[in-house]
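See below for work_0.cif, which holds mmCIF, C-alpha atoms.
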data_coords
loop_
_atom_site.label_atom_id
_atom_site.label_comp_id
_atom_site.auth_asym_id
_atom_site.auth_seq_id
_atom_site.Cartn_x
_atom_site.Cartn_y
_atom_site.Cartn_z
CA MET A 1 -56.79 -154.28 -25.35
CA ALA A 2 -59.99 -156.32 -25.71
CA ALA A 3 -62.82 -155.09 -27.89
CA LEU A 4 -65.76 -153.44 -26.16
CA SER A 5 -69.28 -154.48 -27.10
CA VAL A 6 -71.37 -151.36 -26.60
CA PRO A 7 -74.99 -151.27 -27.84
CA SER A 8 -75.76 -148.18 -29.84
CA SER A 9 -78.67 -147.40 -27.56
CA SER A 10 -76.64 -147.78 -24.37
CA PRO A 11 -76.32 -144.34 -22.77
CA HIS A 12 -73.25 -143.00 -21.06
CA LEU A 13 -73.42 -142.63 -17.33
CA PRO A 14 -74.84 -139.15 -16.78
CA SER A 15 -72.48 -136.65 -15.22
CA HIS A 16 -74.56 -134.73 -12.69
CA ILE A 17 -71.61 -133.06 -11.01
CA PRO A 18 -69.39 -131.81 -13.83
CA ASP A 19 -68.13 -128.85 -11.86
CA GLN A 20 -67.00 -131.05 -8.99
CA SER A 21 -65.74 -134.04 -10.95
CA PRO A 22 -61.99 -134.43 -10.75
CA SER A 23 -59.98 -133.52 -13.80
CA LEU A 24 -56.78 -135.42 -14.44
CA PRO A 25 -53.70 -133.75 -15.90
CA GLN A 26 -51.97 -134.58 -19.13
CA GLN A 27 -49.65 -137.52 -19.56
CA GLN A 28 -47.50 -138.19 -16.52
CA THR A 29 -45.41 -141.15 -15.41
CA ALA A 30 -43.72 -141.49 -12.05
CA VAL A 31 -42.33 -144.02 -9.63
CA VAL A 32 -42.92 -143.34 -5.94
CA GLU A 33 -40.70 -144.95 -3.32
CA ASP A 34 -40.15 -147.98 -5.55
CA ALA A 35 -43.48 -149.39 -4.34
CA HIS A 36 -45.74 -148.54 -7.23
CA SER A 37 -45.88 -146.55 -10.42
CA VAL A 38 -48.33 -143.98 -11.70
CA GLN A 39 -49.26 -143.51 -15.31
CA ASN A 40 -51.74 -140.88 -16.44
CA ASN A 41 -52.90 -140.74 -20.04
CA HIS A 42 -55.68 -138.19 -19.67
CA ASN A 43 -56.03 -135.81 -22.61
CA ARG A 44 -53.03 -137.42 -24.32
CA ASP A 45 -54.27 -136.33 -27.73
CA ASN A 46 -56.87 -133.94 -26.51
CA ASN A 47 -57.25 -132.16 -29.83
CA ASP A 48 -57.69 -135.36 -31.83
CA ASN A 49 -60.94 -137.19 -32.38
CA GLU A 50 -61.55 -140.14 -30.09
CA ASN A 51 -61.45 -142.64 -32.97
CA ASP A 52 -58.06 -141.25 -34.01
CA TYR A 53 -56.45 -141.94 -30.63
CA ASN A 54 -53.21 -143.93 -30.94
CA GLY A 55 -51.78 -144.89 -27.55
CA GLU A 56 -48.83 -147.07 -26.79
CA GLY A 57 -48.64 -150.53 -28.28
CA GLU A 58 -51.28 -151.57 -30.78
CA ALA A 59 -54.12 -149.21 -30.00
CA GLY A 60 -54.14 -147.92 -33.57
CA GLU A 61 -54.47 -151.45 -34.95
CA GLU A 62 -57.42 -152.08 -32.66
CA ASP A 63 -59.15 -148.98 -33.98
CA GLU A 64 -58.73 -150.36 -37.49
CA GLU A 65 -60.34 -153.61 -36.36
CA TYR A 66 -63.36 -151.71 -35.08
CA GLU A 67 -63.73 -150.08 -38.49
CA GLU A 68 -63.49 -153.44 -40.25
CA GLN A 69 -66.13 -154.91 -37.97
CA ASP A 70 -68.46 -151.98 -38.59
CA THR A 71 -68.02 -152.38 -42.33
CA ALA A 72 -68.68 -156.10 -42.16
CA SER A 73 -71.84 -155.58 -40.14
CA ASN A 74 -73.35 -153.61 -43.03
CA LEU A 75 -73.03 -156.48 -45.50
CA PRO A 76 -76.29 -158.29 -46.43
CA LEU A 77 -76.88 -161.56 -44.59
CA PRO A 78 -77.43 -164.78 -46.59
CA PRO A 79 -81.07 -165.81 -46.94
CA ILE A 80 -82.49 -168.18 -44.33
CA SER A 81 -84.25 -171.26 -45.63
CA THR A 82 -87.93 -171.45 -44.69
CA SER A 83 -88.56 -174.98 -45.91
CA HIS A 84 -90.88 -176.94 -43.65
CA ASN A 85 -88.58 -179.94 -44.03
CA ASP A 86 -85.72 -178.17 -42.33
CA PRO A 87 -85.33 -178.72 -38.59
CA PRO A 88 -86.07 -175.66 -36.44
CA LEU A 89 -83.10 -173.51 -35.56
CA PRO A 90 -82.07 -173.95 -31.91
CA SER A 91 -82.64 -170.97 -29.65
CA PRO A 92 -79.37 -169.30 -28.74
CA THR A 93 -78.40 -169.85 -25.13
CA VAL A 94 -76.76 -166.95 -23.39
CA GLU A 95 -74.80 -167.89 -20.31
CA SER A 96 -75.18 -165.66 -17.32
CA PRO A 97 -71.87 -164.06 -16.30
CA SER A 98 -70.28 -164.90 -12.99
CA LEU A 99 -70.52 -162.07 -10.49
CA LEU A 100 -67.16 -161.07 -9.01
CA HIS A 101 -68.02 -157.80 -7.28
CA VAL A 102 -71.01 -155.74 -6.26
CA SER A 103 -71.03 -152.41 -4.42
CA PHE A 104 -73.05 -149.23 -3.98
CA ASN A 105 -71.85 -145.82 -5.01
CA GLN A 106 -71.28 -143.11 -2.41
CA ASP A 107 -74.92 -141.98 -2.03
CA HIS A 108 -76.41 -145.47 -2.55
CA GLY A 109 -78.34 -144.27 -5.60
CA CYS A 110 -76.48 -146.64 -7.95
CA PHE A 111 -74.60 -149.89 -7.72
CA THR A 112 -71.90 -151.61 -9.75
CA ALA A 113 -71.43 -155.24 -10.71
CA GLY A 114 -68.09 -156.64 -11.82
CA THR A 115 -68.30 -159.90 -13.76
CA ASP A 116 -65.97 -162.33 -15.49
CA HIS A 117 -66.82 -160.55 -18.76
CA GLY A 118 -66.85 -156.87 -17.81
CA PHE A 119 -68.90 -154.57 -15.62
CA ARG A 120 -72.37 -153.07 -15.34
CA ILE A 121 -73.89 -150.01 -13.71
CA TYR A 122 -77.42 -149.96 -12.32
CA ASN A 123 -79.76 -147.31 -10.95
CA CYS A 124 -81.45 -148.21 -7.67
CA ASP A 125 -84.64 -146.14 -7.76
CA PRO A 126 -86.18 -146.86 -10.12
CA PHE A 127 -84.27 -150.04 -10.75
CA ARG A 128 -82.76 -150.18 -14.23
CA GLU A 129 -79.50 -151.01 -15.93
CA ILE A 130 -77.78 -147.78 -16.95
CA PHE A 131 -75.06 -149.32 -19.08
CA ARG A 132 -72.63 -152.19 -19.38
CA ARG A 133 -69.21 -152.76 -20.83
CA ASP A 134 -68.52 -156.32 -21.98
CA PHE A 135 -64.99 -157.54 -22.63
CA ASP A 136 -63.88 -160.67 -24.46
CA ASP A 137 -63.04 -163.10 -21.67
CA GLY A 138 -61.85 -160.33 -19.36
CA GLY A 139 -63.01 -160.15 -15.75
CA VAL A 140 -63.34 -157.10 -13.51
CA GLY A 141 -63.00 -157.74 -9.79
CA VAL A 142 -63.43 -154.19 -8.47
CA VAL A 143 -65.67 -151.45 -9.88
CA GLU A 144 -65.80 -148.24 -7.87
CA MET A 145 -68.04 -145.36 -8.93
CA LEU A 146 -67.56 -141.68 -8.17
CA PHE A 147 -71.14 -140.67 -7.37
CA ARG A 148 -72.73 -140.48 -10.85
CA CYS A 149 -69.94 -139.00 -12.92
CA ASN A 150 -68.20 -140.73 -15.81
CA ILE A 151 -65.05 -141.67 -13.86
CA LEU A 152 -64.70 -145.25 -12.55
CA ALA A 153 -61.89 -147.20 -10.88
CA LEU A 154 -61.43 -150.74 -12.21
CA VAL A 155 -59.29 -153.67 -11.07
CA GLY A 156 -59.08 -156.95 -12.96
CA GLY A 157 -60.42 -160.14 -11.43
CA GLY A 158 -61.67 -163.64 -12.07
CA PRO A 159 -59.96 -166.52 -13.90
CA GLN A 160 -58.91 -164.24 -16.77
CA PRO A 161 -58.58 -160.67 -15.48
CA GLN A 162 -59.17 -157.88 -17.99
CA TYR A 163 -56.48 -155.85 -16.19
CA PRO A 164 -53.64 -156.91 -13.88
CA ILE A 165 -54.87 -157.49 -10.33
CA ASN A 166 -52.10 -155.24 -9.01
CA LYS A 167 -53.25 -152.19 -11.01
CA VAL A 168 -56.02 -149.64 -10.57
CA MET A 169 -57.29 -148.46 -13.94
CA ILE A 170 -58.98 -145.04 -14.08
CA TRP A 171 -61.77 -145.44 -16.65
CA ASP A 172 -63.46 -142.51 -18.38
CA ASP A 173 -66.72 -143.76 -19.81
CA HIS A 174 -67.18 -140.67 -21.96
CA GLN A 175 -64.11 -141.86 -23.84
CA SER A 176 -64.76 -145.58 -23.21
CA ARG A 177 -61.14 -146.14 -22.26
CA CYS A 178 -58.67 -145.99 -19.42
CA ILE A 179 -57.06 -142.59 -18.92
CA GLY A 180 -54.61 -143.49 -16.15
CA GLU A 181 -53.40 -146.25 -13.89
CA LEU A 182 -51.82 -146.89 -10.52
CA SER A 183 -49.51 -149.88 -10.33
CA PHE A 184 -48.45 -151.78 -7.20
CA ARG A 185 -46.29 -154.74 -6.21
CA SER A 186 -49.15 -156.74 -4.70
CA GLU A 187 -52.83 -157.38 -5.33
CA VAL A 188 -55.25 -154.48 -4.95
CA ARG A 189 -57.93 -155.43 -2.42
CA ALA A 190 -60.22 -152.40 -2.70
CA VAL A 191 -60.51 -148.86 -4.01
CA ARG A 192 -62.38 -145.92 -2.48
CA LEU A 193 -63.11 -142.69 -4.31
CA ARG A 194 -63.91 -139.15 -3.27
CA ARG A 195 -64.14 -136.13 -5.51
CA ASP A 196 -60.67 -135.11 -4.35
CA ARG A 197 -58.99 -138.40 -3.39
CA ILE A 198 -58.28 -141.94 -4.57
CA ILE A 199 -57.66 -144.49 -1.82
CA VAL A 200 -56.11 -147.83 -2.77
CA VAL A 201 -56.15 -150.72 -0.27
CA LEU A 202 -53.57 -153.50 -0.38
CA GLU A 203 -53.16 -156.46 1.97
CA GLN A 204 -51.20 -154.49 4.57
CA LYS A 205 -50.98 -150.94 3.18
CA ILE A 206 -53.26 -148.13 2.15
CA PHE A 207 -52.25 -145.35 -0.27
CA VAL A 208 -54.01 -141.99 -0.46
CA TYR A 209 -53.67 -140.00 -3.70
CA ASN A 210 -54.77 -136.58 -4.82
CA PHE A 211 -57.31 -137.10 -7.60
CA ALA A 212 -56.29 -134.08 -9.67
CA ASP A 213 -52.69 -135.15 -10.35
CA LEU A 214 -52.45 -138.68 -8.85
CA LYS A 215 -49.84 -137.46 -6.39
CA LEU A 216 -49.22 -139.72 -3.41
CA LEU A 217 -50.24 -137.90 -0.21
CA HIS A 218 -50.13 -140.54 2.51
CA GLN A 219 -49.52 -144.23 3.11
CA ILE A 220 -50.73 -146.25 6.07
CA GLU A 221 -49.61 -149.65 7.35
CA THR A 222 -52.34 -151.98 8.63
CA ILE A 223 -52.73 -155.44 10.06
CA ALA A 224 -53.46 -158.13 7.44
CA ASN A 225 -56.53 -156.86 5.61
CA PRO A 226 -57.57 -159.41 2.96
CA LYS A 227 -61.09 -157.97 2.68
CA GLY A 228 -59.75 -154.53 1.86
CA LEU A 229 -61.65 -152.88 4.72
CA CYS A 230 -61.61 -149.10 4.43
CA SER A 231 -64.21 -146.33 4.71
CA VAL A 232 -63.97 -142.64 3.89
CA SER A 233 -66.26 -139.69 4.56
CA GLN A 234 -67.99 -138.13 1.56
CA VAL A 235 -69.11 -134.71 2.76
CA SER A 236 -67.09 -132.00 1.04
CA GLY A 237 -64.35 -130.67 3.24
CA SER A 238 -61.94 -132.51 5.47
CA LEU A 239 -61.39 -136.21 4.84
CA VAL A 240 -61.98 -138.83 7.52
CA LEU A 241 -60.54 -142.27 6.74
CA VAL A 242 -61.07 -145.44 8.77
CA CYS A 243 -59.02 -148.61 8.36
CA PRO A 244 -57.80 -151.53 10.50
CA GLY A 245 -55.02 -150.66 12.92
CA LEU A 246 -51.91 -152.69 13.63
CA GLN A 247 -53.48 -154.74 16.41
CA LYS A 248 -56.29 -157.28 16.47
CA GLY A 249 -59.64 -155.57 17.08
CA GLN A 250 -58.23 -152.07 16.56
CA VAL A 251 -59.42 -149.47 14.08
CA ARG A 252 -57.49 -146.42 12.99
CA VAL A 253 -59.22 -143.11 12.28
CA GLU A 254 -57.39 -140.46 10.27
CA HIS A 255 -58.76 -136.91 10.55
CA TYR A 256 -56.93 -135.16 7.74
CA GLY A 257 -58.49 -131.76 8.44
CA SER A 258 -57.15 -131.57 12.00
CA LYS A 259 -54.15 -133.81 11.20
CA ARG A 260 -55.07 -136.13 14.05
CA THR A 261 -54.95 -139.91 14.27
CA LYS A 262 -57.23 -141.79 16.66
CA PHE A 263 -56.88 -145.49 17.52
CA ILE A 264 -59.98 -147.25 18.88
CA MET A 265 -59.89 -150.71 20.46
CA ALA A 266 -63.31 -151.66 19.16
CA HIS A 267 -63.35 -155.43 19.81
CA ASP A 268 -61.37 -158.27 21.35
CA SER A 269 -61.52 -160.26 18.11
CA ARG A 270 -60.43 -159.23 14.65
CA ILE A 271 -62.38 -156.53 12.86
CA ALA A 272 -64.75 -158.04 10.28
CA CYS A 273 -66.65 -155.01 9.01
CA PHE A 274 -67.19 -151.31 9.65
CA ALA A 275 -69.07 -148.35 8.20
CA LEU A 276 -68.77 -144.59 8.44
CA THR A 277 -71.42 -141.89 8.25
CA GLN A 278 -71.22 -139.50 5.31
CA ASP A 279 -69.75 -136.79 7.54
CA GLY A 280 -67.27 -139.17 9.17
CA GLN A 281 -68.47 -138.49 12.71
CA LEU A 282 -69.92 -141.92 13.57
CA LEU A 283 -68.34 -145.33 13.08
CA ALA A 284 -70.07 -148.73 13.33
CA THR A 285 -67.89 -151.82 13.80
CA SER A 286 -68.29 -155.58 14.13
CA SER A 287 -65.82 -158.35 14.87
CA THR A 288 -65.36 -161.85 13.52
CA LYS A 289 -67.72 -163.09 16.25
CA GLY A 290 -70.52 -161.15 14.57
CA THR A 291 -72.79 -160.96 17.61
CA LEU A 292 -72.42 -157.29 18.56
CA VAL A 293 -72.22 -154.06 16.59
CA ARG A 294 -70.73 -151.00 18.28
CA VAL A 295 -71.12 -147.35 17.36
CA PHE A 296 -68.27 -144.95 18.17
CA ASN A 297 -67.60 -141.25 18.04
CA THR A 298 -64.66 -140.94 15.64
CA VAL A 299 -63.32 -137.76 17.24
CA ASP A 300 -62.66 -139.03 20.76
CA GLY A 301 -63.30 -142.77 20.34
CA THR A 302 -66.23 -142.83 22.78
CA LEU A 303 -68.49 -145.89 22.62
CA LEU A 304 -71.95 -144.43 22.04
CA GLN A 305 -74.12 -147.51 21.59
CA GLU A 306 -73.96 -151.29 21.36
CA VAL A 307 -76.57 -153.44 19.61
CA ARG A 308 -76.89 -157.19 19.30
CA ARG A 309 -77.40 -159.02 16.01
CA GLY A 310 -77.80 -162.41 17.71
CA ALA A 311 -76.29 -164.95 20.07
CA ASP A 312 -74.62 -167.25 17.53
CA ARG A 313 -71.42 -166.43 15.70
CA ALA A 314 -71.93 -164.94 12.25
CA GLU A 315 -69.92 -163.37 9.47
CA ILE A 316 -71.00 -159.78 9.02
CA TYR A 317 -71.06 -158.83 5.34
CA SER A 318 -72.07 -155.18 5.53
CA LEU A 319 -73.03 -152.31 7.83
CA ALA A 320 -74.81 -149.16 6.67
CA PHE A 321 -76.01 -145.95 8.30
CA SER A 322 -79.11 -144.15 7.09
CA ALA A 323 -78.56 -140.64 5.77
CA THR A 324 -79.55 -139.09 9.11
CA ALA A 325 -77.78 -141.75 11.20
CA GLN A 326 -81.15 -142.63 12.78
CA TRP A 327 -80.96 -146.24 11.61
CA LEU A 328 -78.25 -148.86 11.16
CA ALA A 329 -78.60 -151.87 8.83
CA VAL A 330 -76.63 -155.12 9.13
CA SER A 331 -76.36 -158.14 6.82
CA SER A 332 -74.68 -161.44 7.68
CA ASP A 333 -74.31 -165.06 6.58
CA LYS A 334 -77.31 -165.97 8.74
CA GLY A 335 -79.55 -164.79 5.91
CA THR A 336 -81.24 -161.97 7.83
CA VAL A 337 -80.95 -158.23 7.32
CA HIS A 338 -81.47 -156.30 10.57
CA VAL A 339 -82.34 -152.63 11.08
CA PHE A 340 -81.46 -151.06 14.43
CA SER A 341 -82.64 -147.79 15.90
CA LEU A 342 -79.75 -145.52 16.91
CA LYS A 343 -79.81 -143.16 19.87
CA VAL A 344 -77.08 -140.87 18.67
CA ASN A 345 -77.14 -137.78 16.51
CA SER A 346 -74.45 -137.57 13.86
CA GLY A 347 -74.71 -133.79 14.02
CA SER A 348 -73.65 -133.71 17.68
CA PRO A 349 -70.58 -135.89 18.09
CA GLY A 350 -69.71 -136.81 21.63
CA ASN A 351 -73.24 -136.33 22.91
CA GLU A 352 -75.41 -139.39 23.26
CA GLN A 353 -78.83 -137.93 22.71
CA LEU A 354 -81.66 -140.31 23.51
CA ARG A 355 -84.67 -139.97 21.27
CA THR A 356 -87.94 -139.37 23.08
CA ALA A 357 -91.24 -141.11 22.60
CA SER A 358 -92.55 -137.96 20.95
CA ASP A 359 -90.38 -138.75 17.95
CA PRO A 360 -92.87 -140.13 15.38
CA ASN A 361 -90.15 -142.28 13.81
CA LEU A 362 -89.24 -143.97 17.08
CA VAL A 363 -90.28 -147.58 17.50
CA GLN A 364 -92.68 -147.66 20.43
CA THR A 365 -92.04 -151.29 21.29
CA SER A 366 -88.95 -151.75 23.40
CA THR A 367 -85.96 -153.22 21.59
CA SER A 368 -84.20 -154.05 24.83
CA SER A 369 -85.05 -156.84 27.19
CA SER A 370 -87.80 -156.39 29.79
CA LEU A 371 -85.40 -158.01 32.20
CA SER A 372 -83.13 -154.97 32.20
CA PHE A 373 -83.98 -154.27 35.84
CA ILE A 374 -81.82 -157.22 36.84
CA ARG A 375 -79.13 -156.66 34.24
CA GLY A 376 -76.58 -156.61 37.04
CA VAL A 377 -77.38 -160.26 37.78
CA LEU A 378 -78.07 -161.77 34.35
CA PRO A 379 -75.59 -161.80 31.48
CA ARG A 380 -75.41 -158.80 29.16
CA TYR A 381 -77.31 -160.83 26.57
CA PHE A 382 -80.59 -160.21 28.40
CA SER A 383 -80.17 -156.44 28.45
CA SER A 384 -79.01 -156.14 24.86
CA GLU A 385 -80.60 -153.86 22.30
CA TRP A 386 -82.13 -155.90 19.48
CA SER A 387 -83.08 -154.99 15.94
CA VAL A 388 -86.27 -153.13 15.17
CA ALA A 389 -86.96 -154.76 11.80
CA GLN A 390 -85.78 -157.85 9.95
CA PHE A 391 -85.89 -159.31 6.44
CA ARG A 392 -85.21 -163.01 5.85
CA LEU A 393 -83.05 -164.09 2.95
CA GLN A 394 -81.58 -167.33 1.69
CA GLU A 395 -78.62 -168.46 3.78
CA GLY A 396 -75.36 -169.15 2.03
CA THR A 397 -75.40 -166.10 -0.25
CA GLN A 398 -73.45 -162.95 0.50
CA TYR A 399 -75.63 -159.84 0.69
CA ILE A 400 -74.83 -156.17 1.20
CA VAL A 401 -77.37 -153.60 2.33
CA ALA A 402 -77.91 -149.84 2.15
CA PHE A 403 -80.77 -147.48 2.90
CA GLY A 404 -82.89 -146.47 -0.06
CA HIS A 405 -83.76 -142.95 -1.10
CA GLN A 406 -87.42 -143.62 -0.28
CA LYS A 407 -88.23 -143.17 3.38
CA ASN A 408 -87.89 -146.25 5.61
CA THR A 409 -86.61 -148.51 2.83
CA VAL A 410 -83.52 -150.64 2.39
CA VAL A 411 -81.92 -151.99 -0.77
CA ILE A 412 -80.28 -155.42 -0.62
CA LEU A 413 -77.86 -156.79 -3.22
CA GLY A 414 -76.82 -160.44 -3.41
CA MET A 415 -73.83 -162.11 -5.00
CA ASP A 416 -76.37 -164.32 -6.79
CA GLY A 417 -77.60 -161.27 -8.73
CA SER A 418 -80.59 -160.55 -6.51
CA PHE A 419 -81.92 -157.03 -5.92
CA TYR A 420 -84.46 -156.44 -3.14
CA ARG A 421 -86.19 -153.26 -2.07
CA CYS A 422 -87.93 -153.57 1.30
CA ARG A 423 -89.84 -151.23 3.60
CA PHE A 424 -89.72 -151.34 7.40
CA ASP A 425 -92.27 -149.90 9.80
CA PRO A 426 -90.52 -147.44 12.15
CA THR A 427 -93.44 -147.58 14.59
CA SER A 428 -94.24 -151.27 15.00
CA GLY A 429 -91.09 -152.82 13.55
CA GLY A 430 -91.11 -156.54 12.82
CA GLU A 431 -90.77 -158.22 9.45
CA MET A 432 -90.06 -155.90 6.53
CA THR A 433 -92.32 -155.78 3.49
CA GLN A 434 -90.76 -156.74 0.17
CA LEU A 435 -91.55 -154.08 -2.43
CA GLU A 436 -89.46 -155.26 -5.39
CA PHE A 437 -87.26 -158.10 -6.54
CA TYR A 438 -85.06 -158.31 -9.64
CA ASN A 439 -82.30 -160.60 -10.81
CA PHE A 440 -79.95 -158.07 -12.35
CA LEU A 441 -77.87 -160.80 -14.03
CA LYS A 442 -80.90 -162.60 -15.51
CA PRO A 443 -83.66 -160.06 -16.20
CA GLU A 444 -85.91 -162.80 -17.61
CA GLU A 445 -86.12 -164.36 -14.14
CA THR A 446 -87.35 -161.16 -12.52
CA PHE A 447 -90.70 -161.30 -10.74
#
File written out as structure tokens:
Amino acid sequence: MAALSVPSSSPHLPSHIPDQSPSLPQQQTAVVEDAHSVQNNHNRDNNDNENDYNGEGEAGEEDEEYEEQDTASNLPLPPISTSHNDPPLPSPTVESPSLLHVSFNQDHGCFTAGTDHGFRIYNCDPFREIFRRDFDDGGVGVVEMLFRCNILALVGGGPQPQYPINKVMIWDDHQSRCIGELSFRSEVRAVRLRRDRIIVVLEQKIFVYNFADLKLLHQIETIANPKGLCSVSQVSGSLVLVCPGLQKGQVRVEHYGSKRTKFIMAHDSRIACFALTQDGQLLATSSTKGTLVRVFNTVDGTLLQEVRRGADRAEIYSLAFSATAQWLAVSSDKGTVHVFSLKVNSGSPGNEQLRTASDPNLVQTSTSSSLSFIRGVLPRYFSSEWSVAQFRLQEGTQYIVAFGHQKNTVVILGMDGSFYRCRFDPTSGGEMTQLEFYNFLKPEETF
């Protein structure tokens, strides 16, 4: 196992939900249906000190190396010559790591960055780096948080993966080590976490596990899913899971509380992206065409609203609902983040409730075409609903978007290390106002 470089001042990720954080059982190894294996090392030597932990292999030898390094670091350094005849010492150059993964946590209050040398956790508001874990030439391709608790799911990635790309490592940052793993026969595409479930997405299968004991509860077959598309509800109670179906353009909705499965033919083309509200009642989808975004009721599959991103084809990178499902944000390879006004209430599934002009948060300018009175004659393009607000970004970079905790704000993350916080005007709409920018990979370039 590679050595971790942890600054002494680097805090652990605060655990704000200790009573609801999942607890894993003691050591357990199992093989389920010859498709994957489960290994759980939690509390293996629970009564021992953390530095005394000796796992399988050479963990004990690694601990001895840490002690040797600590001892060596206390030795006096040789004197540095200050002669004016000596050439100046060159400034050390620190290479910026390559970003492999970026994602928000469940409430969009934090985000994770997986690099070719480890992973980092950031707070969104105010923006700051919470902590990082650097490995020696070991990349992390997936980092999934569980709200703000100390449990993370890691998958190796990059040219030299820190962990096998077919394993999900359960990392406990209080112990700074992996406490369990899930092993598969093919590459892990994505991981989703809830307080009671772990969902692992492969190319054509999805596995649902109980978090407490890593017991396999359900497995789902999907169409080819290289992006690892999968969304789960986060409100405590029954789980709603959305994934691609077995047909092009189809999404599958699993309602575990009512034990019902709903298939929705959302698009004619392949599904490119989708998002679920926290309560799992509304679903937004887009296809590989990237021109339209549709909002569905997950219970009965009713199409509630359709909005238009643009006329040209585009690759949709992310969709995000606001906390109240009043707004929908979209990012694409066109370099523009759009915010749409939604006419549906997440609290009343199945009822399309139009907002009235008395709503102070409603954009007064029409977002649909003034030519709607002849929509029966002209193509649907002219009667489409367009975005309320926009923010222009550099084309060619992949961005994901989420709504900020401050009212009427969005947070945008780029695969180039960019962090934007922008505010949109819910009354007049138009171009968003940039509030903040940071380069979270190169803090010295922040402005």
### Task
Identify which of the residues A:Leu100, A:Met265, A:Ala311, A:Val330 lies closest to Val293 of chain A, counting all atoms listed in the file when measuring atom-to-atom distances.
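For Val293 of chain A, the nearest of the candidates is A:Val330.
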### Task
Evaluate the PyMOL selection byres ((chain A and resi 399-406) around 10) and record the selected residues as a PyMOL selection string, following the chain and residue labels used in the document.
chain A and resi 102-104+107-109+124-125+316-323+327-333+335-339+393-398+407-423
### Query
How far is it from atom CA of Val299 of chain A to atom CA of Ala224 of chain A, in Å with one decimal?
24.7 Å
### Message
Residue by residue, what does the PyMOL selection byres ((chain A and resi 284) around 8) grab here? Present the result as a list in words.
### Response
Phe274, Ala275, Leu276, Leu282, Leu283, Thr285, Ser286, Val293, Arg294, Val295, Phe296 and Leu319 of chain A
### Query
So how far away is atom CA of Gly228 of chain A from atom CA of Asp196 of chain A, in Å?
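Spanning atom CA of Asp196 of chain A to atom CA of Gly228 of chain A is a straight-line distance of 20.4 Å.
Distances to Pro126 of chain A were evaluated for A:Thr324, A:Val143, A:Leu229, A:Cys110 using only C-alpha atoms, and the minimum falls at A:Cys110.
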### Task
Could you check how far atom CA of Arg197 of chain A sits from atom CA of Arg120 of chain A, in Å to one decimal?
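Between these atoms lies a distance of 23.2 Å.
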### Task
For the point (-64.1, -155.4, -10.7) in the file's frame, write as a ChimeraX atom specification all residues with an atom no more than 12 Å away, counting only C-alpha atoms.
/A:98-103,112-121,133,138-145,152-158,160-165,167-169,171,188-191
### Query
Restricting the calculation to all atoms listed in the file, which member of A:Gln175, A:Gln106, A:Ser238, A:Ser183 is positioned closest to Gln278 of chain A?
A:Gln106
### Task
Determine, counting all atoms listed in the file, which protein, DNA and RNA residues have an atom within 7 Å of an atom of segment 203-213 of chain A; residues of the same chain fewer than 4 positions away are not included. Present the result as a PyMOL selection string.
chain A and resi 22-25+189+196-199+217-226+228
Taking all listed atoms of segment 237-248 of chain A, build the axis-aligned box, pad each of the six sides by 3 Å, then write its centre and edge lengths in Å to one decimal as AutoDock Vina command-line options.
--center_x -58.1 --center_y -144.0 --center_z 9.9 --size_x 18.4 --size_y 32.6 --size_z 19.2
### Query
What's the 7 Å shell around segment 242-255 of chain A, counting only C-alpha atoms, without same-chain residues fewer than 5 positions away, as a VMD selection string?
chain A and resid 222 to 223 229 to 232 260 to 271 298
### Query
Counting all atoms listed in the file, which of A:Val235, A:Tyr438, A:Val240, A:Thr291 gets nearest to Tyr122 of chain A?
A:Tyr438
